[in-house]
Structures are given as C-alpha cells and as structure tokens.
Amino acid sequence: WNQFAKTRKHSVSFYAMDTPVTLTAYGSRAEEALDRARSRIKQIESELSVTDPRSDVGRLNAAGGAPVEVGEDTAALTAFALRVNALTDGAFDPTLYPALRAWGFTTEERRVPEAAELAELLKLAGADRVRLFGRTLRLDEGSMLDLGAVGKGFAGDEALAAMAAAGVESALVNLGGNVQTLGLRPDGQRWRIGVKSPDGGLIGVLRVEAEAVVTSGGYERFFTGPDGRIYWHILDPRTGAPARSGVISATAVGPEGKVCDAMSTAFFVMGAEKTAAFWKEHGSPGFVLLTENGELWISEDLAARFEADPAYAGAKV
Ligand code: ADP
Ligand code: MG
Ligand code: MG
C-alpha cells in the first residue's frame with residue numbers, strides 16, 4: 001500500500017503561455033503540489049505576457065519611455081535576460097519585439113518585411129535601451145521588452161520549486177516541449193527524455209536527473225512566404241530576420257530551465273561552431289544540435305547518456 005502511494009502518478013494538463021502544458025507528480029503530496037504549480041505558472045504568464053496589456057511587460061511596452069514598477073519575477077528575469085545578452089554577444093536579445101511584430105508572429109497577419117523596414121525597427125532594439133533599477137524598469141521610447149525566449153523555462157523552474165515545497169520529490173513539467181524534471185523517477189532511475197527532431201520524430205533519448213531539456217527549432221512557429229521559403233520566429237538580432245545559422249534544432253540541457261531556455265534560443269542563432277566554442281569556455285549548458293546538413297553536434301558532458309535514434313545514428317557527430 002505504501003509503495004503504491006509513493007509511486008502513484010498524478011497529472012494535469014492545461015494551456016498557458018501560448019502552449020500546452022502537462023505537469024506530472026508522484027506520491028501522496030502530488031495533487032496539492034500540482035495545484036500550486038499550476039497557479040504559479042498562471043501567475044508568471046499574467047506577469048510576462050507580451051500580448052496582455054495588463055501584464056508587467058505589456059504595461060512597460062505601452063509606457064512610452066516612462067518608468068514602470070514591475071513585480072519581482074519580471075525584474076529578476078529581465079536582469080537575467082540582460083546578462084545572457086551580454087554573455088552571448090547579443091545573439092540572445094530580449095528587445096527584438098518591434099521587428100518580430102513586423103513579421104506578424106503574434107498578430108496572425110504573417111508577412112515578409114523589407115530589409116529596410118527591419119533595419120529601421122532594429123534601431124529600437126538593443127539591451128542598452130533597457131534600464132532596470134530595483135523593481136523599476138524603463139525603456140527608451142519605441143522600444144519593447146520580450147521575455148518569450150526565457151519565460152517558459154523560468155515558469156518550469158518555478159513550477160518544480162512549488163512542487164518541491166509541497167513535499168514532492170519526483171516530478172516532470174512539459175511546457176510546450178520544454179521538459180524539466182525534479183529528482184529521479186519514482187523507481188529511482190533517471191528520466192528518459194526524448195530530444196525532438198524537426199520532422200516530429202526524435203533525434204534521440206537522453207537520461208537526466210533534476211535537469212531541463214529545452215529545444216528551440218525553426219519548425220515550432222513558422223510560415224511559408226510567397227517565395228516558398230520558410231520563416232520562423234527566432235530572429236537574428238543583426239538583421240531582424242529569421243536566424244539562418246545552419247542549425248535547425250538546438251537543445252540545451254542543464255539544471256536550470258531559464259538558462260536552458262535562453263541558451264537554446266541563443267544556440268539556434270549562434271550556429272554550431274560558436275555554440276561549441278561557448279560550451280568550451282563555460283562548460284554548460286550541454287547541447288544537442290542538428291544542422292541542415294544532417295550533422296549532430298553533442299557536447300561531451302551529454303555524449304555518454306545520449307542514445308541517438310537509429311535515423312540519426314549515422315550522422316556525423
Ligand atoms: P519557443 O517560444 O517557441 O519555445 P524560444 O524559446 O526559442 O522558442 O523563443 C522564441 C521567442 O523568443 C520568439 O517568439 C520571440 O518572442 C523571442 N525571440 C526571437 N528571437 C530572439 C532572440 N534572438 N533572442 C531572444 N529572444 C528572441
Ligand atoms: Mg528559449
Ligand atoms: Mg522555448
């Protein structure tokens with residue numbers, strides 16, 4: 001009976017942060033923990049949403065250059081995003097929203113803007129146009145903040161923390177394909193997490209303990225232009241156009257979801273060579289990259305616990 005209670009699986013699924021969410025927790029504390037985790041995710045969504053005019057980010061973006069008081073989550077995550085911007089030489093940039101909007105990714109009116117229009121909109125981007133002092137945020141006029149590339153990872157971290165605080169030792173969060181885990185599986189084994197491939201299958205399976213596995217891909221949110229080319233929602237900050245680094249899927253693996261979310265987006269923009277150099281310098285997060293030529297790049301820390309799918313077994317690593 002005790003053994004059963006300890007390993008009993010509870011799940012809840014809902015929609016938040018523009019994506020389907022499934023939370024899974026094990027044991028007698030699971031139901032209460034899932035409730036708290038779900039509330040925490042909903043709270044973070046209401047603070048960070050770039051399309052909700054009442055959110056911290058929505059109010060900031062509508063403030064026309066005036067200072068705005070934001071909550072602790074928004075202030076801390078903005079500080080983090082600015083640090084990642086510096087650490088990635090600008091590949092990760094939370095101020096691209098004016099350019100992103102021109103592509104219609106959030107308004108559903110998809111179009112391919114001219115390079116000159118994008119160049120004009122990029123004048124509104126740049127981390128130096130964001131000022132943070134305590135909980136007060138201020139943007140230069142016309143600029144916009146967008147934490148969309150870190151929000152889900154942060155929400156996953158907070159959901160797992162809420163479940164841990166409620167007494168759960170074993171849990172898994174799936175936020176639109178971002179998978180984050182607490183502890184080990186209830187049977188004491190490591191979690192086996194699939195790394196998605198652009199065709200909807202798997203690149204392979206990774207064994208993890210208390211880690212996040214976050215993938216950024218050009219196949220998640222995209223449209224086909226009148227020229228037949230595919231345009232996706234991860235932009236190159238140098239051009240304001242979809243990043244074409246040669247990497248078509250970038251997965252980051254490490255203990256913190258917000259780090260993995262930010263860095264999977266950055267790796268997608270940076271491409272394989274720069275990602276490998278970044279990892280050599282910093283030692284984390286681990287990465288699995290798939291390039292348009294079918295090459296697989298995997299960081300050394302992950303190689304021993306990654307099993308490539310047979311379809312990719314012959315890929316150059
Ligand atoms: P998803 O949200 O699909 O999981 P990402 O985590 O990679 O994918 O985040 C993509 C989102 O981040 C975009 O929708 C946009 O809001 C924002 N974004 C686009 N390009 C960049 C960039 N170079 N740096 C930071 N954020 C970006
Ligand atoms: Mg991201
Ligand atoms: Mg993501």
# chains A, B, ... in the order shown; residues from 1 in each chain; ligands from 1
>>> closest_atom_pairs(of="chain A", to="ligand 3", cutoff="9 Å", atoms="only C-alpha atoms and all ligand atoms", output="JSON lines")
{"residue": "A:Gly148", "atom": "CA", "partner": "ligand 3", "partner_atom_place_in_ligand_line": "1 (Mg)", "distance": 7.8}
{"residue": "A:Ala149", "atom": "CA", "partner": "ligand 3", "partner_atom_place_in_ligand_line": "1 (Mg)", "distance": 5.7}
{"residue": "A:Val150", "atom": "CA", "partner": "ligand 3", "partner_atom_place_in_ligand_line": "1 (Mg)", "distance": 7.1}
{"residue": "A:Gly151", "atom": "CA", "partner": "ligand 3", "partner_atom_place_in_ligand_line": "1 (Mg)", "distance": 8.3}
{"residue": "A:Lys152", "atom": "CA", "partner": "ligand 3", "partner_atom_place_in_ligand_line": "1 (Mg)", "distance": 6.5}
{"residue": "A:Gly153", "atom": "CA", "partner": "ligand 3", "partner_atom_place_in_ligand_line": "1 (Mg)", "distance": 7.2}
{"residue": "A:Leu175", "atom": "CA", "partner": "ligand 3", "partner_atom_place_in_ligand_line": "1 (Mg)", "distance": 8.6}
{"residue": "A:Gly176", "atom": "CA", "partner": "ligand 3", "partner_atom_place_in_ligand_line": "1 (Mg)", "distance": 7.7}
{"residue": "A:Gly177", "atom": "CA", "partner": "ligand 3", "partner_atom_place_in_ligand_line": "1 (Mg)", "distance": 7.7}
{"residue": "A:Asn178", "atom": "CA", "partner": "ligand 3", "partner_atom_place_in_ligand_line": "1 (Mg)", "distance": 6.4}
{"residue": "A:Val214", "atom": "CA", "partner": "ligand 3", "partner_atom_place_in_ligand_line": "1 (Mg)", "distance": 6.4}
{"residue": "A:Thr215", "atom": "CA", "partner": "ligand 3", "partner_atom_place_in_ligand_line": "1 (Mg)", "distance": 6.1}
{"residue": "A:Ser216", "atom": "CA", "partner": "ligand 3", "partner_atom_place_in_ligand_line": "1 (Mg)", "distance": 5.3}
{"residue": "A:Gly217", "atom": "CA", "partner": "ligand 3", "partner_atom_place_in_ligand_line": "1 (Mg)", "distance": 8.3}
{"residue": "A:Cys260", "atom": "CA", "partner": "ligand 3", "partner_atom_place_in_ligand_line": "1 (Mg)", "distance": 8.8}
{"residue": "A:Asp261", "atom": "CA", "partner": "ligand 3", "partner_atom_place_in_ligand_line": "1 (Mg)", "distance": 5.4}
{"residue": "A:Ala262", "atom": "CA", "partner": "ligand 3", "partner_atom_place_in_ligand_line": "1 (Mg)", "distance": 7.8}
{"residue": "A:Ser264", "atom": "CA", "partner": "ligand 3", "partner_atom_place_in_ligand_line": "1 (Mg)", "distance": 7.3}
{"residue": "A:Thr265", "atom": "CA", "partner": "ligand 3", "partner_atom_place_in_ligand_line": "1 (Mg)", "distance": 7.0}
>>> residues_around(residues="Asp52 of chain A", least_positions_apart="4", cutoff="12 Å", atoms="only C-alpha atoms", output="PyMOL selection string")
chain A and resi 17-18+45-48+56-62+106+146
>>> residues_around(residues="Asn85 of chain A", least_positions_apart="6", cutoff="9 Å", atoms="only C-alpha atoms", output="MDAnalysis selection string")
chainID A and resid 91:94 127 266
>>> write_last_selection(atoms="C-alpha atoms", output="PDB file, in the first residue's frame")
ATOM      1  CA  ALA A  91      22.722  36.588 -30.035  1.00  0.00           C
ATOM      2  CA  PHE A  92      20.098  36.423 -27.291  1.00  0.00           C
ATOM      3  CA  ASP A  93      18.249  39.725 -27.390  1.00  0.00           C
ATOM      4  CA  PRO A  94      15.048  40.426 -25.414  1.00  0.00           C
ATOM      5  CA  ALA A 127      19.962  45.960 -24.376  1.00  0.00           C
ATOM      6  CA  ALA A 266      20.934  31.640 -28.372  1.00  0.00           C
TER       7      ALA A 266
END
>>> atom_distance(atom1="atom CA of Leu160 of chain A", atom2="atom CA of Arg185 of chain A")
13.9 Å
>>> atom_distance(atom1="atom CA of Val84 of chain A", atom2="atom CA of Pro198 of chain A")
25.7 Å
>>> closest_residue(among="A:Gly240, A:Pro226, A:Pro67, A:Gly271", to="Leu132 of chain A", atoms="only C-alpha atoms")
A:Pro67
>>> residues_around(residues="Gln189 of chain A", least_positions_apart="2", cutoff="12 Å", atoms="only C-alpha atoms", output="number ranges by chain")
A: 170, 183-187, 191-192, 207-210
>>> write_last_selection(atoms="N, CA, C and O atoms", output="PDB file, in the first residue's frame")
ATOM      1  N   SER A 170       9.547  13.826  -6.852  1.00  0.00           N
ATOM      2  CA  SER A 170       9.700  13.307  -8.207  1.00  0.00           C
ATOM      3  C   SER A 170       8.607  13.927  -9.079  1.00  0.00           C
ATOM      4  O   SER A 170       7.421  13.703  -8.837  1.00  0.00           O
ATOM      5  N   GLY A 183      14.267  15.738  -9.335  1.00  0.00           N
ATOM      6  CA  GLY A 183      14.751  14.470  -8.782  1.00  0.00           C
ATOM      7  C   GLY A 183      14.879  13.376  -9.822  1.00  0.00           C
ATOM      8  O   GLY A 183      15.134  13.635 -10.996  1.00  0.00           O
ATOM      9  N   LEU A 184      14.670  12.143  -9.348  1.00  0.00           N
ATOM     10  CA  LEU A 184      14.693  10.961 -10.205  1.00  0.00           C
ATOM     11  C   LEU A 184      13.263  10.466 -10.395  1.00  0.00           C
ATOM     12  O   LEU A 184      12.350  10.928  -9.719  1.00  0.00           O
ATOM     13  N   ARG A 185      13.087   9.524 -11.308  1.00  0.00           N
ATOM     14  CA  ARG A 185      11.780   8.869 -11.422  1.00  0.00           C
ATOM     15  C   ARG A 185      11.467   8.171 -10.104  1.00  0.00           C
ATOM     16  O   ARG A 185      12.372   7.854  -9.330  1.00  0.00           O
ATOM     17  N   PRO A 186      10.180   7.917  -9.830  1.00  0.00           N
ATOM     18  CA  PRO A 186       9.849   7.281  -8.550  1.00  0.00           C
ATOM     19  C   PRO A 186      10.485   5.899  -8.380  1.00  0.00           C
ATOM     20  O   PRO A 186      10.672   5.448  -7.250  1.00  0.00           O
ATOM     21  N   ASP A 187      10.886   5.249  -9.473  1.00  0.00           N
ATOM     22  CA  ASP A 187      11.559   3.953  -9.337  1.00  0.00           C
ATOM     23  C   ASP A 187      13.070   4.103  -9.125  1.00  0.00           C
ATOM     24  O   ASP A 187      13.814   3.120  -9.120  1.00  0.00           O
ATOM     25  N   TRP A 191      15.316   9.888 -15.565  1.00  0.00           N
ATOM     26  CA  TRP A 191      14.258  10.124 -16.554  1.00  0.00           C
ATOM     27  C   TRP A 191      14.839   9.909 -17.946  1.00  0.00           C
ATOM     28  O   TRP A 191      15.996  10.239 -18.194  1.00  0.00           O
ATOM     29  N   ARG A 192      14.040   9.389 -18.849  1.00  0.00           N
ATOM     30  CA  ARG A 192      14.456   9.265 -20.253  1.00  0.00           C
ATOM     31  C   ARG A 192      13.662  10.288 -21.064  1.00  0.00           C
ATOM     32  O   ARG A 192      12.448  10.175 -21.198  1.00  0.00           O
ATOM     33  N   ARG A 207      19.240  10.582 -20.869  1.00  0.00           N
ATOM     34  CA  ARG A 207      18.927  10.258 -19.469  1.00  0.00           C
ATOM     35  C   ARG A 207      19.301  11.449 -18.589  1.00  0.00           C
ATOM     36  O   ARG A 207      20.425  11.972 -18.690  1.00  0.00           O
ATOM     37  N   VAL A 208      18.367  11.915 -17.770  1.00  0.00           N
ATOM     38  CA  VAL A 208      18.625  13.100 -16.937  1.00  0.00           C
ATOM     39  C   VAL A 208      18.146  12.900 -15.505  1.00  0.00           C
ATOM     40  O   VAL A 208      17.267  12.081 -15.236  1.00  0.00           O
ATOM     41  N   GLU A 209      18.750  13.678 -14.605  1.00  0.00           N
ATOM     42  CA  GLU A 209      18.310  13.747 -13.207  1.00  0.00           C
ATOM     43  C   GLU A 209      18.233  15.219 -12.829  1.00  0.00           C
ATOM     44  O   GLU A 209      19.234  15.936 -12.920  1.00  0.00           O
ATOM     45  N   ALA A 210      17.064  15.671 -12.372  1.00  0.00           N
ATOM     46  CA  ALA A 210      16.884  17.054 -11.921  1.00  0.00           C
ATOM     47  C   ALA A 210      17.437  18.052 -12.929  1.00  0.00           C
ATOM     48  O   ALA A 210      18.223  18.930 -12.585  1.00  0.00           O
TER      49      ALA A 210
END
>>> residues_around(residues="Pro237 of chain A", least_positions_apart="6", cutoff="12 Å", atoms="only C-alpha atoms", output="count of residues only")
29
>>> closest_residue(among="A:Ala250, A:Ala159, A:Leu289, A:Val21", to="ligand 2", atoms="only C-alpha atoms and all ligand atoms")
A:Ala250
>>> closest_residue(among="A:Glu300, A:Arg36, A:Leu77, A:Met263", to="Gly283 of chain A", atoms="only C-alpha atoms")
A:Glu300
>>> residues_around(residues="Arg131 of chain A", least_positions_apart="3", cutoff="10 Å", atoms="only C-alpha atoms", output="VMD selection string")
chain A and resid 67 78 to 79 82 127 to 128 134 136 to 140
>>> select_by_dssp(residues="segment 207-256 of chain A", states="strand (DSSP E or B)", output="PyMOL selection string")
chain A and resi 207-208+212-217+222-224+230-232+235+242+247-254
>>> atom_distance(atom1="atom CA of Trp103 of chain A", atom2="atom CA of Arg83 of chain A")
26.5 Å
>>> closest_residue(among="A:Ala33, A:Leu296, A:Leu290, A:Val253", to="Val12 of chain A", atoms="only C-alpha atoms")
A:Ala33
>>> closest_residue(among="A:Leu145, A:Thr51, A:Glu120, A:Thr181", to="Ala81 of chain A", atoms="only C-alpha atoms")
A:Leu145
>>> residues_around(residues="Gln43 of chain A", least_positions_apart="4", cutoff="10 Å", atoms="only C-alpha atoms", output="PyMOL selection string")
chain A and resi 37-39+47-48+55+73+155
>>> write_last_selection(atoms="all heavy atoms", output="CSV table (one decimal), in the first residue's frame")
chain,number,residue,atom,x,y,z
A,37,ALA,N,1.6,24.4,-8.5
A,37,ALA,CA,2.5,24.6,-9.6
A,37,ALA,C,1.7,25.2,-10.8
A,37,ALA,O,2.2,26.2,-11.4
A,37,ALA,CB,3.1,23.2,-10.1
A,38,ARG,N,0.5,24.8,-10.9
A,38,ARG,CA,-0.4,25.4,-12.0
A,38,ARG,C,-0.6,26.8,-11.7
A,38,ARG,O,-0.5,27.7,-12.6
A,38,ARG,CB,-1.7,24.6,-12.1
A,38,ARG,CG,-2.7,25.1,-13.0
A,38,ARG,CD,-4.1,24.6,-12.6
A,38,ARG,NE,-5.0,24.9,-13.6
A,38,ARG,CZ,-5.7,24.0,-14.2
A,38,ARG,NH1,-5.6,22.7,-13.9
A,38,ARG,NH2,-6.6,24.3,-15.2
A,39,SER,N,-0.9,27.2,-10.5
A,39,SER,CA,-1.2,28.6,-10.1
A,39,SER,C,0.1,29.4,-10.4
A,39,SER,O,0.0,30.6,-10.8
A,39,SER,CB,-1.6,28.7,-8.6
A,39,SER,OG,-2.6,27.9,-8.3
A,47,GLU,N,2.2,37.9,-15.6
A,47,GLU,CA,3.2,38.9,-15.4
A,47,GLU,C,4.0,39.2,-16.7
A,47,GLU,O,4.4,40.3,-17.0
A,47,GLU,CB,4.2,38.5,-14.3
A,47,GLU,CG,3.5,38.4,-13.0
A,47,GLU,CD,4.4,37.7,-12.0
A,47,GLU,OE1,5.3,36.9,-12.4
A,47,GLU,OE2,4.2,37.9,-10.8
A,48,LEU,N,4.3,38.1,-17.5
A,48,LEU,CA,5.2,38.2,-18.6
A,48,LEU,C,4.6,38.4,-20.0
A,48,LEU,O,5.3,38.8,-20.9
A,48,LEU,CB,6.2,37.0,-18.6
A,48,LEU,CG,7.0,36.7,-17.3
A,48,LEU,CD1,7.9,35.5,-17.6
A,48,LEU,CD2,7.8,37.9,-16.9
A,55,SER,N,-0.2,42.9,-18.2
A,55,SER,CA,1.0,42.3,-17.6
A,55,SER,C,2.1,43.3,-17.4
A,55,SER,O,2.0,44.4,-17.9
A,55,SER,CB,1.5,41.2,-18.6
A,55,SER,OG,2.2,41.8,-19.7
A,73,ASP,N,9.3,38.8,-10.1
A,73,ASP,CA,9.6,37.9,-11.2
A,73,ASP,C,10.1,38.6,-12.4
A,73,ASP,O,11.1,38.2,-13.0
A,73,ASP,CB,8.4,37.1,-11.6
A,73,ASP,CG,7.9,36.1,-10.5
A,73,ASP,OD1,8.7,35.7,-9.7
A,73,ASP,OD2,6.7,35.8,-10.5
A,155,ALA,N,9.2,29.6,-15.9
A,155,ALA,CA,8.0,29.1,-15.3
A,155,ALA,C,8.1,27.6,-14.9
A,155,ALA,O,7.6,27.2,-13.9
A,155,ALA,CB,6.8,29.2,-16.3
>>> closest_residue(among="A:Ala164, A:Ala272, A:Ile230, A:Ala86", to="ligand 1", atoms="only C-alpha atoms and all ligand atoms")
A:Ala86
>>> select_by_dssp(residues="segment 64-297 of chain A", states="helix (DSSP H, G or I)", output="VMD selection string")
chain A and resid 72 to 87 97 to 102 115 to 122 127 to 129 151 to 165 257 to 270 272 to 282
>>> decode(residues="segment 23-37 of chain A", atoms="all heavy atoms", output="CSV table (one decimal), in the first residue's frame")
chain,number,residue,atom,x,y,z
A,23,LEU,N,1.7,18.8,-16.3
A,23,LEU,CA,2.5,18.6,-15.1
A,23,LEU,C,2.3,17.2,-14.6
A,23,LEU,O,1.1,16.8,-14.5
A,23,LEU,CB,2.1,19.6,-14.1
A,23,LEU,CG,2.0,21.1,-14.5
A,23,LEU,CD1,1.5,22.0,-13.3
A,23,LEU,CD2,3.4,21.6,-15.0
A,24,THR,N,3.3,16.5,-14.2
A,24,THR,CA,3.2,15.2,-13.6
A,24,THR,C,4.0,15.1,-12.3
A,24,THR,O,5.1,15.6,-12.2
A,24,THR,CB,3.8,14.1,-14.6
A,24,THR,OG1,3.2,14.3,-15.8
A,24,THR,CG2,3.6,12.7,-14.1
A,25,ALA,N,3.3,14.6,-11.3
A,25,ALA,CA,4.0,14.5,-10.0
A,25,ALA,C,3.6,13.1,-9.4
A,25,ALA,O,2.6,12.5,-9.7
A,25,ALA,CB,3.6,15.6,-9.0
A,26,TYR,N,4.5,12.6,-8.5
A,26,TYR,CA,4.3,11.3,-7.9
A,26,TYR,C,4.2,11.4,-6.4
A,26,TYR,O,4.8,12.3,-5.8
A,26,TYR,CB,5.5,10.4,-8.2
A,26,TYR,CG,5.6,10.1,-9.7
A,26,TYR,CD1,6.2,11.0,-10.6
A,26,TYR,CD2,5.0,9.0,-10.3
A,26,TYR,CE1,6.3,10.8,-11.9
A,26,TYR,CE2,5.1,8.7,-11.6
A,26,TYR,CZ,5.8,9.6,-12.5
A,26,TYR,OH,5.8,9.4,-13.8
A,27,GLY,N,3.4,10.5,-5.8
A,27,GLY,CA,3.3,10.4,-4.4
A,27,GLY,C,2.1,11.0,-3.8
A,27,GLY,O,1.3,11.6,-4.4
A,28,SER,N,2.0,10.9,-2.4
A,28,SER,CA,0.8,11.3,-1.7
A,28,SER,C,0.6,12.9,-1.7
A,28,SER,O,-0.5,13.3,-1.5
A,28,SER,CB,0.9,10.8,-0.3
A,28,SER,OG,2.0,11.3,0.3
A,29,ARG,N,1.7,13.6,-1.9
A,29,ARG,CA,1.5,15.1,-1.9
A,29,ARG,C,1.3,15.6,-3.3
A,29,ARG,O,1.2,16.9,-3.5
A,29,ARG,CB,2.9,15.7,-1.4
A,29,ARG,CG,3.1,15.4,0.0
A,29,ARG,CD,2.3,16.4,0.8
A,29,ARG,NE,2.3,16.1,2.2
A,29,ARG,CZ,3.4,16.2,3.0
A,29,ARG,NH1,4.5,16.5,2.6
A,29,ARG,NH2,3.2,16.0,4.3
A,30,ALA,N,1.1,14.8,-4.3
A,30,ALA,CA,1.1,15.2,-5.7
A,30,ALA,C,0.0,16.2,-6.0
A,30,ALA,O,0.2,17.2,-6.7
A,30,ALA,CB,1.1,14.0,-6.6
A,31,GLU,N,-1.2,15.9,-5.6
A,31,GLU,CA,-2.4,16.7,-6.1
A,31,GLU,C,-2.3,18.1,-5.6
A,31,GLU,O,-2.5,19.0,-6.4
A,31,GLU,CB,-3.7,16.0,-5.6
A,31,GLU,CG,-4.1,14.9,-6.6
A,31,GLU,CD,-5.3,14.2,-6.1
A,31,GLU,OE1,-5.2,13.6,-5.0
A,31,GLU,OE2,-6.3,14.1,-6.8
A,32,GLU,N,-2.0,18.3,-4.3
A,32,GLU,CA,-1.8,19.6,-3.8
A,32,GLU,C,-0.6,20.4,-4.5
A,32,GLU,O,-0.7,21.5,-4.9
A,32,GLU,CB,-1.5,19.5,-2.3
A,32,GLU,CG,-0.8,20.7,-1.6
A,32,GLU,CD,-1.8,21.8,-1.4
A,32,GLU,OE1,-3.1,21.5,-1.5
A,32,GLU,OE2,-1.4,23.0,-1.1
A,33,ALA,N,0.4,19.6,-4.8
A,33,ALA,CA,1.6,20.2,-5.5
A,33,ALA,C,1.3,20.6,-6.9
A,33,ALA,O,1.7,21.7,-7.3
A,33,ALA,CB,2.7,19.2,-5.5
A,34,LEU,N,0.5,19.8,-7.6
A,34,LEU,CA,0.1,20.2,-9.0
A,34,LEU,C,-0.7,21.5,-9.0
A,34,LEU,O,-0.6,22.3,-9.9
A,34,LEU,CB,-0.7,19.0,-9.6
A,34,LEU,CG,0.2,17.8,-9.9
A,34,LEU,CD1,-0.7,16.7,-10.4
A,34,LEU,CD2,1.3,18.1,-10.9
A,35,ASP,N,-1.6,21.6,-8.0
A,35,ASP,CA,-2.4,22.8,-7.9
A,35,ASP,C,-1.6,24.1,-7.7
A,35,ASP,O,-1.8,25.1,-8.4
A,35,ASP,CB,-3.3,22.8,-6.7
A,35,ASP,CG,-4.7,22.1,-7.0
A,35,ASP,OD1,-4.9,21.8,-8.2
A,35,ASP,OD2,-5.5,21.9,-6.1
A,36,ARG,N,-0.6,23.9,-6.9
A,36,ARG,CA,0.3,25.1,-6.6
A,36,ARG,C,1.1,25.4,-7.8
A,36,ARG,O,1.4,26.6,-8.1
A,36,ARG,CB,1.2,24.8,-5.4
A,36,ARG,CG,0.5,24.7,-4.1
A,36,ARG,CD,1.4,25.0,-3.0
A,36,ARG,NE,1.0,24.3,-1.8
A,36,ARG,CZ,1.7,24.2,-0.7
A,36,ARG,NH1,3.0,24.7,-0.7
A,36,ARG,NH2,1.3,23.6,0.4
A,37,ALA,N,1.6,24.4,-8.5
A,37,ALA,CA,2.5,24.6,-9.6
A,37,ALA,C,1.7,25.2,-10.8
A,37,ALA,O,2.2,26.2,-11.4
A,37,ALA,CB,3.1,23.2,-10.1
